[in-house]
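Below you'll find the structure, written out as C-alpha coordinates, and then a few comments.
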Amino acid sequence: MGGPDKETLTGSFTAEKNAKIFVAGHRGLVGSAVVRKLLQIGFTNIVLRTHQELDLTRQSDVEAFFAQEKPQFVILSAAKVGGIHANNTYPADFISINLQIQTNVIDAAYRNGVKKLLFLGSSCIYPKFAPQPITEDALLTGPLEPTNEWYAVAKIAGIKMCQAYRLQYGWDAISAMPTNLYGPNDNFHPENSHVLPALIRRFHEAKVSGAKEVVVWGTGSPLREFLHVDDLADAVVFLMEKYSGLSHVNVGSRKEVTIKELAELVKEVVGFEGDLVWDSTKPDGTPRKLMDSSKLAELGWVPKISLRDGLVDTYKWTTRGEQFYEGPVETV
(Lines give C-alpha, C1' and ligand atoms only; values in the text may rest on other atoms or scores of the structure.)
Protein backbone atom coordinates (compact mmCIF):
# COMPACT_ATOMS: atom_id res chain seq x y z
CA MET A 1 0.00 0.00 0.00
CA GLY A 2 2.95 2.35 0.30
CA GLY A 3 2.29 3.07 3.97
CA PRO A 4 -0.93 3.18 5.99
CA ASP A 5 -1.52 6.92 5.50
CA LYS A 6 -1.11 6.96 1.71
CA GLU A 7 -3.87 6.97 -0.90
CA THR A 8 -3.13 4.35 -3.54
CA LEU A 9 -4.82 2.40 -6.29
CA THR A 10 -5.15 -1.30 -5.57
CA GLY A 11 -6.84 -3.19 -8.42
CA SER A 12 -7.21 -6.81 -7.29
CA PHE A 13 -10.77 -7.02 -5.95
CA THR A 14 -12.76 -7.70 -9.14
CA ALA A 15 -10.13 -10.14 -10.39
CA GLU A 16 -10.97 -12.48 -7.49
CA LYS A 17 -14.46 -13.63 -8.47
CA ASN A 18 -14.14 -16.78 -6.34
CA ALA A 19 -13.03 -14.86 -3.24
CA LYS A 20 -15.28 -15.20 -0.20
CA ILE A 21 -17.09 -11.91 0.49
CA PHE A 22 -19.19 -11.22 3.59
CA VAL A 23 -21.89 -8.58 3.03
CA ALA A 24 -23.17 -7.57 6.46
CA GLY A 25 -26.72 -6.22 6.36
CA HIS A 26 -27.67 -7.83 3.04
CA ARG A 27 -31.43 -7.40 3.54
CA GLY A 28 -31.24 -3.62 3.75
CA LEU A 29 -31.32 -0.94 1.09
CA VAL A 30 -27.54 -0.80 0.59
CA GLY A 31 -26.59 -4.40 1.37
CA SER A 32 -29.15 -5.85 -1.03
CA ALA A 33 -27.91 -3.54 -3.82
CA VAL A 34 -24.30 -4.56 -3.15
CA VAL A 35 -25.26 -8.24 -3.39
CA ARG A 36 -27.09 -7.60 -6.68
CA LYS A 37 -24.02 -5.83 -8.06
CA LEU A 38 -21.58 -8.55 -6.96
CA LEU A 39 -23.73 -11.26 -8.53
CA GLN A 40 -24.11 -9.21 -11.70
CA ILE A 41 -20.36 -8.93 -12.22
CA GLY A 42 -19.76 -12.60 -11.52
CA PHE A 43 -18.84 -13.08 -7.86
CA THR A 44 -19.68 -16.64 -6.82
CA ASN A 45 -18.84 -16.92 -3.11
CA ILE A 46 -20.93 -14.33 -1.25
CA VAL A 47 -21.52 -15.11 2.42
CA LEU A 48 -24.79 -13.83 3.88
CA ARG A 49 -26.36 -14.10 7.34
CA THR A 50 -29.71 -12.83 8.56
CA HIS A 51 -29.99 -11.18 11.98
CA GLN A 52 -31.57 -14.40 13.27
CA GLU A 53 -28.62 -16.43 12.00
CA LEU A 54 -25.92 -14.05 13.26
CA ASP A 55 -26.48 -11.28 15.79
CA LEU A 56 -23.70 -8.82 15.00
CA THR A 57 -24.03 -7.18 18.42
CA ARG A 58 -22.79 -10.37 20.11
CA GLN A 59 -19.01 -10.33 20.07
CA SER A 60 -18.50 -14.05 20.69
CA ASP A 61 -20.89 -14.98 17.87
CA VAL A 62 -19.16 -12.62 15.44
CA GLU A 63 -15.73 -13.93 16.38
CA ALA A 64 -16.89 -17.53 15.90
CA PHE A 65 -18.41 -16.67 12.50
CA PHE A 66 -15.20 -15.07 11.21
CA ALA A 67 -13.02 -17.87 12.61
CA GLN A 68 -15.14 -20.44 10.76
CA GLU A 69 -15.91 -18.64 7.47
CA LYS A 70 -12.62 -16.71 6.99
CA PRO A 71 -13.93 -14.25 4.37
CA GLN A 72 -11.34 -12.41 2.29
CA PHE A 73 -13.41 -9.24 1.87
CA VAL A 74 -16.09 -7.53 3.98
CA ILE A 75 -18.71 -4.92 3.06
CA LEU A 76 -20.13 -3.55 6.33
CA SER A 77 -23.56 -2.09 5.60
CA ALA A 78 -25.39 -3.44 8.65
CA ALA A 79 -26.71 -0.77 11.00
CA LYS A 80 -29.67 0.23 13.12
CA VAL A 81 -31.30 3.14 11.32
CA GLY A 82 -34.41 5.28 11.70
CA GLY A 83 -35.92 8.71 11.33
CA ILE A 84 -35.98 11.68 13.70
CA HIS A 85 -38.72 10.21 15.88
CA ALA A 86 -36.89 6.90 16.34
CA ASN A 87 -33.57 8.64 17.08
CA ASN A 88 -35.19 10.83 19.71
CA THR A 89 -37.08 7.93 21.29
CA TYR A 90 -34.29 5.32 21.34
CA PRO A 91 -30.96 7.20 21.59
CA ALA A 92 -29.31 4.44 23.63
CA ASP A 93 -30.20 1.84 21.00
CA PHE A 94 -28.87 3.94 18.15
CA ILE A 95 -25.49 4.57 19.70
CA SER A 96 -24.95 1.22 21.44
CA ILE A 97 -26.19 -1.17 18.74
CA ASN A 98 -24.26 0.58 15.97
CA LEU A 99 -21.07 0.77 18.04
CA GLN A 100 -21.38 -2.92 18.88
CA ILE A 101 -21.94 -3.99 15.25
CA GLN A 102 -19.02 -1.92 13.96
CA THR A 103 -16.58 -2.83 16.70
CA ASN A 104 -17.33 -6.54 16.53
CA VAL A 105 -17.17 -6.83 12.73
CA ILE A 106 -14.14 -4.59 12.15
CA ASP A 107 -12.05 -6.17 14.89
CA ALA A 108 -12.97 -9.77 14.01
CA ALA A 109 -12.32 -9.07 10.32
CA TYR A 110 -8.82 -7.81 11.06
CA ARG A 111 -7.98 -10.64 13.46
CA ASN A 112 -9.12 -13.30 11.00
CA GLY A 113 -7.09 -12.15 8.04
CA VAL A 114 -9.63 -10.24 5.95
CA LYS A 115 -7.74 -8.56 3.09
CA LYS A 116 -9.97 -5.50 2.80
CA LEU A 117 -13.03 -4.05 4.53
CA LEU A 118 -15.33 -1.24 3.42
CA PHE A 119 -17.40 0.50 6.10
CA LEU A 120 -20.50 2.41 5.03
CA GLY A 121 -21.52 5.51 6.92
CA SER A 122 -23.90 8.37 6.30
CA SER A 123 -23.85 12.07 5.43
CA CYS A 124 -25.22 12.80 8.92
CA ILE A 125 -21.63 12.49 10.23
CA TYR A 126 -21.01 16.10 9.16
CA PRO A 127 -21.65 19.22 11.26
CA LYS A 128 -25.12 20.73 11.01
CA PHE A 129 -23.73 23.98 9.62
CA ALA A 130 -20.88 22.59 7.50
CA PRO A 131 -20.02 24.77 4.46
CA GLN A 132 -21.72 23.57 1.27
CA PRO A 133 -20.91 21.44 -0.65
CA ILE A 134 -19.59 19.31 2.23
CA THR A 135 -16.04 18.03 1.80
CA GLU A 136 -14.52 15.07 3.65
CA ASP A 137 -12.39 17.36 5.82
CA ALA A 138 -15.51 18.97 7.32
CA LEU A 139 -15.72 15.99 9.69
CA LEU A 140 -15.50 17.00 13.38
CA THR A 141 -15.33 20.73 12.64
CA GLY A 142 -18.59 21.65 14.38
CA PRO A 143 -21.67 20.42 16.28
CA LEU A 144 -23.83 17.69 14.77
CA GLU A 145 -27.53 17.84 13.97
CA PRO A 146 -29.05 17.08 17.42
CA THR A 147 -31.90 14.95 16.06
CA ASN A 148 -29.59 12.15 14.91
CA GLU A 149 -26.37 12.73 16.82
CA TRP A 150 -26.46 9.29 18.49
CA TYR A 151 -26.37 7.53 15.12
CA ALA A 152 -23.86 10.04 13.74
CA VAL A 153 -21.44 9.62 16.66
CA ALA A 154 -21.49 5.85 16.15
CA LYS A 155 -20.79 6.24 12.42
CA ILE A 156 -17.94 8.66 13.11
CA ALA A 157 -16.49 6.09 15.50
CA GLY A 158 -16.65 3.52 12.69
CA ILE A 159 -14.66 5.79 10.38
CA LYS A 160 -12.09 6.42 13.10
CA MET A 161 -11.82 2.73 13.90
CA CYS A 162 -11.01 1.95 10.26
CA GLN A 163 -8.40 4.72 10.29
CA ALA A 164 -6.90 3.52 13.57
CA TYR A 165 -6.53 -0.08 12.34
CA ARG A 166 -4.90 1.24 9.16
CA LEU A 167 -2.47 3.41 11.12
CA GLN A 168 -1.58 0.83 13.77
CA TYR A 169 -1.68 -2.38 11.75
CA GLY A 170 -1.37 -1.24 8.13
CA TRP A 171 -4.71 -2.97 7.47
CA ASP A 172 -6.74 -2.04 4.40
CA ALA A 173 -9.98 -0.72 5.93
CA ILE A 174 -11.75 2.08 4.05
CA SER A 175 -14.95 4.07 4.59
CA ALA A 176 -17.56 5.48 2.20
CA MET A 177 -20.13 8.13 3.10
CA PRO A 178 -23.16 8.11 0.79
CA THR A 179 -25.60 10.97 0.32
CA ASN A 180 -29.40 10.50 0.53
CA LEU A 181 -30.18 7.11 -1.01
CA TYR A 182 -33.28 5.60 -2.58
CA GLY A 183 -34.23 2.53 -4.57
CA PRO A 184 -35.43 -1.07 -4.14
CA ASN A 185 -35.67 -2.24 -0.51
CA ASP A 186 -36.01 1.34 0.76
CA ASN A 187 -38.09 1.92 3.88
CA PHE A 188 -41.59 3.21 3.05
CA HIS A 189 -42.87 3.25 6.62
CA PRO A 190 -45.48 6.04 7.01
CA GLU A 191 -43.74 7.48 10.10
CA ASN A 192 -40.08 6.51 9.81
CA SER A 193 -39.24 6.87 6.11
CA HIS A 194 -37.15 9.62 4.52
CA VAL A 195 -38.51 12.31 2.20
CA LEU A 196 -38.31 10.54 -1.15
CA PRO A 197 -39.93 7.19 -0.22
CA ALA A 198 -42.47 9.14 1.85
CA LEU A 199 -43.44 11.19 -1.22
CA ILE A 200 -43.70 8.07 -3.40
CA ARG A 201 -46.02 6.41 -0.90
CA ARG A 202 -48.21 9.49 -0.38
CA PHE A 203 -48.69 10.15 -4.10
CA HIS A 204 -49.37 6.47 -4.80
CA GLU A 205 -51.96 6.20 -2.03
CA ALA A 206 -53.56 9.46 -3.17
CA LYS A 207 -53.78 8.11 -6.73
CA VAL A 208 -55.31 4.82 -5.60
CA SER A 209 -57.85 6.50 -3.30
CA GLY A 210 -58.80 9.17 -5.85
CA ALA A 211 -57.76 12.04 -3.58
CA LYS A 212 -58.00 15.56 -5.00
CA GLU A 213 -54.72 16.81 -3.52
CA VAL A 214 -51.53 15.91 -1.70
CA VAL A 215 -50.27 18.33 0.94
CA VAL A 216 -46.50 18.56 1.49
CA TRP A 217 -44.84 20.41 4.36
CA GLY A 218 -42.88 23.61 3.79
CA THR A 219 -42.32 25.78 0.74
CA GLY A 220 -40.44 23.23 -1.36
CA SER A 221 -37.37 25.48 -1.54
CA PRO A 222 -34.71 23.36 0.27
CA LEU A 223 -32.08 21.77 -1.98
CA ARG A 224 -31.25 18.10 -1.64
CA GLU A 225 -29.09 15.48 -3.35
CA PHE A 226 -30.20 11.92 -4.10
CA LEU A 227 -28.33 8.84 -5.30
CA HIS A 228 -29.87 5.61 -6.55
CA VAL A 229 -28.65 2.73 -4.40
CA ASP A 230 -27.50 0.77 -7.47
CA ASP A 231 -25.11 3.63 -8.22
CA LEU A 232 -23.82 3.39 -4.65
CA ALA A 233 -23.28 -0.36 -5.08
CA ASP A 234 -21.30 0.37 -8.23
CA ALA A 235 -19.21 2.91 -6.26
CA VAL A 236 -18.61 0.34 -3.49
CA VAL A 237 -17.15 -2.12 -6.00
CA PHE A 238 -15.09 0.71 -7.54
CA LEU A 239 -13.65 1.72 -4.16
CA MET A 240 -12.88 -1.89 -3.23
CA GLU A 241 -10.98 -2.15 -6.50
CA LYS A 242 -9.36 1.27 -6.78
CA TYR A 243 -9.05 2.98 -3.40
CA SER A 244 -6.85 2.40 -0.40
CA GLY A 245 -6.46 5.45 1.79
CA LEU A 246 -6.87 6.90 5.27
CA SER A 247 -9.63 9.38 4.46
CA HIS A 248 -13.25 8.39 4.08
CA VAL A 249 -14.78 9.09 0.66
CA ASN A 250 -18.04 10.92 -0.09
CA VAL A 251 -20.37 9.22 -2.57
CA GLY A 252 -22.99 11.49 -4.12
CA SER A 253 -24.75 12.32 -7.36
CA ARG A 254 -23.26 15.84 -7.49
CA LYS A 255 -26.70 17.08 -8.61
CA GLU A 256 -29.13 19.13 -6.55
CA VAL A 257 -32.91 19.30 -6.77
CA THR A 258 -35.39 21.39 -4.80
CA ILE A 259 -37.98 19.53 -2.76
CA LYS A 260 -40.59 21.21 -4.99
CA GLU A 261 -38.94 19.82 -8.13
CA LEU A 262 -38.63 16.43 -6.46
CA ALA A 263 -42.30 16.36 -5.44
CA GLU A 264 -43.42 17.36 -8.95
CA LEU A 265 -41.24 14.64 -10.47
CA VAL A 266 -42.58 11.99 -8.09
CA LYS A 267 -46.15 13.15 -8.84
CA GLU A 268 -45.46 12.72 -12.57
CA VAL A 269 -43.78 9.31 -12.23
CA VAL A 270 -46.55 7.95 -9.99
CA GLY A 271 -49.25 9.37 -12.26
CA PHE A 272 -51.18 11.35 -9.63
CA GLU A 273 -53.43 13.84 -11.41
CA GLY A 274 -54.64 15.87 -8.43
CA ASP A 275 -53.14 19.04 -6.97
CA LEU A 276 -49.86 19.43 -5.11
CA VAL A 277 -50.36 21.81 -2.18
CA TRP A 278 -47.57 23.30 -0.06
CA ASP A 279 -48.20 23.95 3.64
CA SER A 280 -45.84 26.88 4.22
CA THR A 281 -46.79 27.03 7.92
CA LYS A 282 -44.70 23.89 8.40
CA PRO A 283 -40.87 23.98 8.63
CA ASP A 284 -38.61 23.55 5.61
CA GLY A 285 -35.61 22.05 7.39
CA THR A 286 -32.00 22.66 6.36
CA PRO A 287 -31.92 24.98 3.29
CA ARG A 288 -29.22 23.03 1.46
CA LYS A 289 -27.37 19.75 1.89
CA LEU A 290 -24.92 18.72 -0.82
CA MET A 291 -21.91 16.43 -0.53
CA ASP A 292 -18.69 17.29 -2.35
CA SER A 293 -17.89 14.06 -4.22
CA SER A 294 -15.02 15.47 -6.29
CA LYS A 295 -12.52 13.15 -4.56
CA LEU A 296 -14.37 10.13 -5.92
CA ALA A 297 -14.78 11.75 -9.33
CA GLU A 298 -11.03 12.37 -9.49
CA LEU A 299 -10.48 8.67 -8.83
CA GLY A 300 -12.60 7.97 -11.91
CA TRP A 301 -16.14 7.16 -10.71
CA VAL A 302 -19.33 9.00 -11.68
CA PRO A 303 -22.99 7.98 -11.17
CA LYS A 304 -24.95 6.62 -14.12
CA ILE A 305 -28.62 6.65 -13.08
CA SER A 306 -30.62 9.88 -13.53
CA LEU A 307 -33.12 10.89 -10.86
CA ARG A 308 -36.06 10.37 -13.23
CA ASP A 309 -34.90 6.91 -14.31
CA GLY A 310 -34.17 5.99 -10.71
CA LEU A 311 -37.63 7.07 -9.59
CA VAL A 312 -39.30 5.08 -12.36
CA ASP A 313 -37.28 2.00 -11.32
CA THR A 314 -38.10 2.50 -7.63
CA TYR A 315 -41.82 3.04 -8.24
CA LYS A 316 -42.03 -0.09 -10.37
CA TRP A 317 -40.37 -2.03 -7.55
CA THR A 318 -42.68 -0.64 -4.84
CA THR A 319 -45.85 -1.51 -6.73
CA ARG A 320 -44.92 -5.14 -7.47
CA GLY A 321 -46.40 -6.26 -4.16
CA GLU A 322 -49.66 -5.38 -2.43
CA GLN A 323 -48.05 -3.50 0.45
CA PHE A 324 -45.25 -0.97 0.78
CA TYR A 325 -42.00 -2.35 2.16
CA GLU A 326 -41.39 -0.90 5.63
CA GLY A 327 -37.75 -1.83 6.15
CA PRO A 328 -35.73 -4.25 8.31
CA VAL A 329 -33.59 -3.36 11.30
CA GLU A 330 -30.28 -3.97 9.56
CA THR A 331 -30.01 -1.51 6.72
CA VAL A 332 -28.25 1.72 5.81
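Residue numbers start at 1 in each chain; chains themselves are named A, B, ... in the order of the C-alpha coordinates; ligands are numbered from 1 in the order shown.
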Residues within 10 Å of segment 252-255 of chain A, please, as a PyMOL selection string. Count only C-alpha atoms; anything in the same chain fewer than 3 positions from it doesn't count.
chain A and resi 123+133+177-181+223-228+231-232+235+249+290-294+296-297+302-307
Go ahead and dump the residues you just picked, N, CA and C atoms, as a tab-separated table (two decimals), in the first residue's frame.
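The resulting file, result-v1.tsv, is reproduced below:
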```tsv
chain	number	residue	atom	x	y	z
A	123	SER	N	-24.19	10.64	5.50
A	123	SER	CA	-23.85	12.07	5.43
A	123	SER	C	-24.17	12.80	6.73
A	133	PRO	N	-20.69	22.87	-0.87
A	133	PRO	CA	-20.91	21.44	-0.65
A	133	PRO	C	-19.94	20.89	0.40
A	177	MET	N	-19.01	7.40	2.53
A	177	MET	CA	-20.13	8.13	3.10
A	177	MET	C	-21.11	8.53	2.01
A	178	PRO	N	-22.21	7.78	1.84
A	178	PRO	CA	-23.16	8.11	0.79
A	178	PRO	C	-24.09	9.26	1.16
A	179	THR	N	-24.59	9.95	0.15
A	179	THR	CA	-25.60	10.97	0.32
A	179	THR	C	-26.95	10.30	0.53
A	180	ASN	N	-28.05	11.06	0.39
A	180	ASN	CA	-29.40	10.50	0.53
A	180	ASN	C	-29.64	9.44	-0.53
A	181	LEU	N	-30.02	8.25	-0.09
A	181	LEU	CA	-30.18	7.11	-1.01
A	181	LEU	C	-31.65	6.77	-1.20
A	223	LEU	N	-32.81	22.54	-0.97
A	223	LEU	CA	-32.08	21.77	-1.98
A	223	LEU	C	-31.55	20.48	-1.38
A	224	ARG	N	-31.74	19.39	-2.10
A	224	ARG	CA	-31.25	18.10	-1.64
A	224	ARG	C	-30.59	17.35	-2.79
A	225	GLU	N	-29.82	16.33	-2.41
A	225	GLU	CA	-29.09	15.48	-3.35
A	225	GLU	C	-29.53	14.05	-3.13
A	226	PHE	N	-29.75	13.31	-4.21
A	226	PHE	CA	-30.20	11.92	-4.10
A	226	PHE	C	-29.37	11.04	-5.02
A	227	LEU	N	-29.10	9.82	-4.54
A	227	LEU	CA	-28.33	8.84	-5.30
A	227	LEU	C	-29.06	7.52	-5.29
A	228	HIS	N	-29.25	6.93	-6.48
A	228	HIS	CA	-29.87	5.61	-6.55
A	228	HIS	C	-28.92	4.59	-5.92
A	231	ASP	N	-26.32	2.84	-7.97
A	231	ASP	CA	-25.11	3.63	-8.22
A	231	ASP	C	-24.15	3.52	-7.04
A	232	LEU	N	-24.69	3.56	-5.81
A	232	LEU	CA	-23.82	3.39	-4.65
A	232	LEU	C	-23.13	2.03	-4.67
A	235	ALA	N	-20.31	2.16	-6.88
A	235	ALA	CA	-19.21	2.91	-6.26
A	235	ALA	C	-18.49	2.06	-5.21
A	249	VAL	N	-14.48	8.55	1.99
A	249	VAL	CA	-14.78	9.09	0.66
A	249	VAL	C	-16.29	9.36	0.54
A	290	LEU	N	-25.57	19.31	0.34
A	290	LEU	CA	-24.92	18.72	-0.82
A	290	LEU	C	-23.54	18.22	-0.43
A	291	MET	N	-23.23	16.99	-0.79
A	291	MET	CA	-21.91	16.43	-0.53
A	291	MET	C	-20.97	16.80	-1.68
A	292	ASP	N	-19.73	17.08	-1.34
A	292	ASP	CA	-18.69	17.29	-2.35
A	292	ASP	C	-18.07	15.93	-2.67
A	293	SER	N	-18.39	15.38	-3.83
A	293	SER	CA	-17.89	14.06	-4.22
A	293	SER	C	-16.78	14.15	-5.26
A	294	SER	N	-16.07	15.28	-5.28
A	294	SER	CA	-15.02	15.47	-6.29
A	294	SER	C	-13.85	14.51	-6.07
A	296	LEU	N	-14.01	11.37	-5.24
A	296	LEU	CA	-14.37	10.13	-5.92
A	296	LEU	C	-14.34	10.31	-7.44
A	297	ALA	N	-14.79	11.47	-7.89
A	297	ALA	CA	-14.78	11.75	-9.33
A	297	ALA	C	-13.34	11.77	-9.87
A	302	VAL	N	-18.20	8.07	-11.60
A	302	VAL	CA	-19.33	9.00	-11.68
A	302	VAL	C	-20.62	8.17	-11.70
A	303	PRO	N	-21.72	8.71	-11.15
A	303	PRO	CA	-22.99	7.98	-11.17
A	303	PRO	C	-23.56	7.89	-12.57
A	304	LYS	N	-24.41	6.88	-12.79
A	304	LYS	CA	-24.95	6.62	-14.12
A	304	LYS	C	-26.47	6.76	-14.20
A	305	ILE	N	-27.16	6.71	-13.08
A	305	ILE	CA	-28.62	6.65	-13.08
A	305	ILE	C	-29.20	8.05	-12.80
A	306	SER	N	-29.99	8.57	-13.74
A	306	SER	CA	-30.62	9.88	-13.53
A	306	SER	C	-31.71	9.77	-12.48
A	307	LEU	N	-32.08	10.90	-11.89
A	307	LEU	CA	-33.12	10.89	-10.86
A	307	LEU	C	-34.44	10.38	-11.44
```
Residue set, segment 177-311 of chain A restricted to helix (DSSP H, G or I), as a VMD selection string
chain A and resid 195 to 209 229 to 242 259 to 270 294 to 299 307 to 311
Shell around Trp278 of chain A at 9 Å using only C-alpha atoms, local window under 4 positions removed, as a ChimeraX atom specification:
/A:214-220,260,282
Å distance separating atom CA of Val114 of chain A from atom CA of Gly245 of chain A, one decimal place:
16.5 Å
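Each of A:Cys162, A:Ala198, A:Leu239, A:Leu48 was compared to Ile106 of chain A using only C-alpha atoms, and A:Cys162 turns out to be the nearest.
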Top pick for closest residue to Asn45 of chain A, considering A:Ser32, A:Thr147, A:Thr318, A:Gln72 and counting only C-alpha atoms
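Using only C-alpha atoms, Asn45 of chain A sits closest to A:Gln72.
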Within 8 Å of Val35 of chain A, counting only C-alpha atoms, which residues qualify if same-chain residues fewer than 2 places away don't, as an MDAnalysis selection string?
chainID A and resid 23 26 31:33 37:39 46
Mind dumping the selected residues with N, CA and C atoms as a PDB file, in the first residue's frame?
```
ATOM      1  N   VAL A  23     -21.125  -9.828   3.085  1.00  0.00           N
ATOM      2  CA  VAL A  23     -21.887  -8.580   3.029  1.00  0.00           C
ATOM      3  C   VAL A  23     -22.772  -8.541   4.275  1.00  0.00           C
ATOM      4  N   HIS A  26     -27.308  -7.609   4.440  1.00  0.00           N
ATOM      5  CA  HIS A  26     -27.671  -7.828   3.037  1.00  0.00           C
ATOM      6  C   HIS A  26     -29.155  -7.679   2.746  1.00  0.00           C
ATOM      7  N   GLY A  31     -27.127  -3.043   1.440  1.00  0.00           N
ATOM      8  CA  GLY A  31     -26.588  -4.399   1.367  1.00  0.00           C
ATOM      9  C   GLY A  31     -27.190  -5.210   0.236  1.00  0.00           C
ATOM     10  N   SER A  32     -28.502  -5.091   0.043  1.00  0.00           N
ATOM     11  CA  SER A  32     -29.146  -5.849  -1.033  1.00  0.00           C
ATOM     12  C   SER A  32     -28.666  -5.378  -2.398  1.00  0.00           C
ATOM     13  N   ALA A  33     -28.423  -4.065  -2.540  1.00  0.00           N
ATOM     14  CA  ALA A  33     -27.908  -3.536  -3.817  1.00  0.00           C
ATOM     15  C   ALA A  33     -26.485  -4.014  -4.068  1.00  0.00           C
ATOM     16  N   LYS A  37     -25.147  -6.262  -7.228  1.00  0.00           N
ATOM     17  CA  LYS A  37     -24.023  -5.834  -8.061  1.00  0.00           C
ATOM     18  C   LYS A  37     -22.953  -6.911  -8.127  1.00  0.00           C
ATOM     19  N   LEU A  38     -22.614  -7.508  -6.986  1.00  0.00           N
ATOM     20  CA  LEU A  38     -21.583  -8.547  -6.956  1.00  0.00           C
ATOM     21  C   LEU A  38     -21.987  -9.749  -7.808  1.00  0.00           C
ATOM     22  N   LEU A  39     -23.252 -10.142  -7.711  1.00  0.00           N
ATOM     23  CA  LEU A  39     -23.735 -11.258  -8.528  1.00  0.00           C
ATOM     24  C   LEU A  39     -23.709 -10.897 -10.010  1.00  0.00           C
ATOM     25  N   ILE A  46     -20.449 -15.397  -2.140  1.00  0.00           N
ATOM     26  CA  ILE A  46     -20.927 -14.332  -1.251  1.00  0.00           C
ATOM     27  C   ILE A  46     -21.536 -14.962  -0.005  1.00  0.00           C
TER      28      ILE A  46
END
```
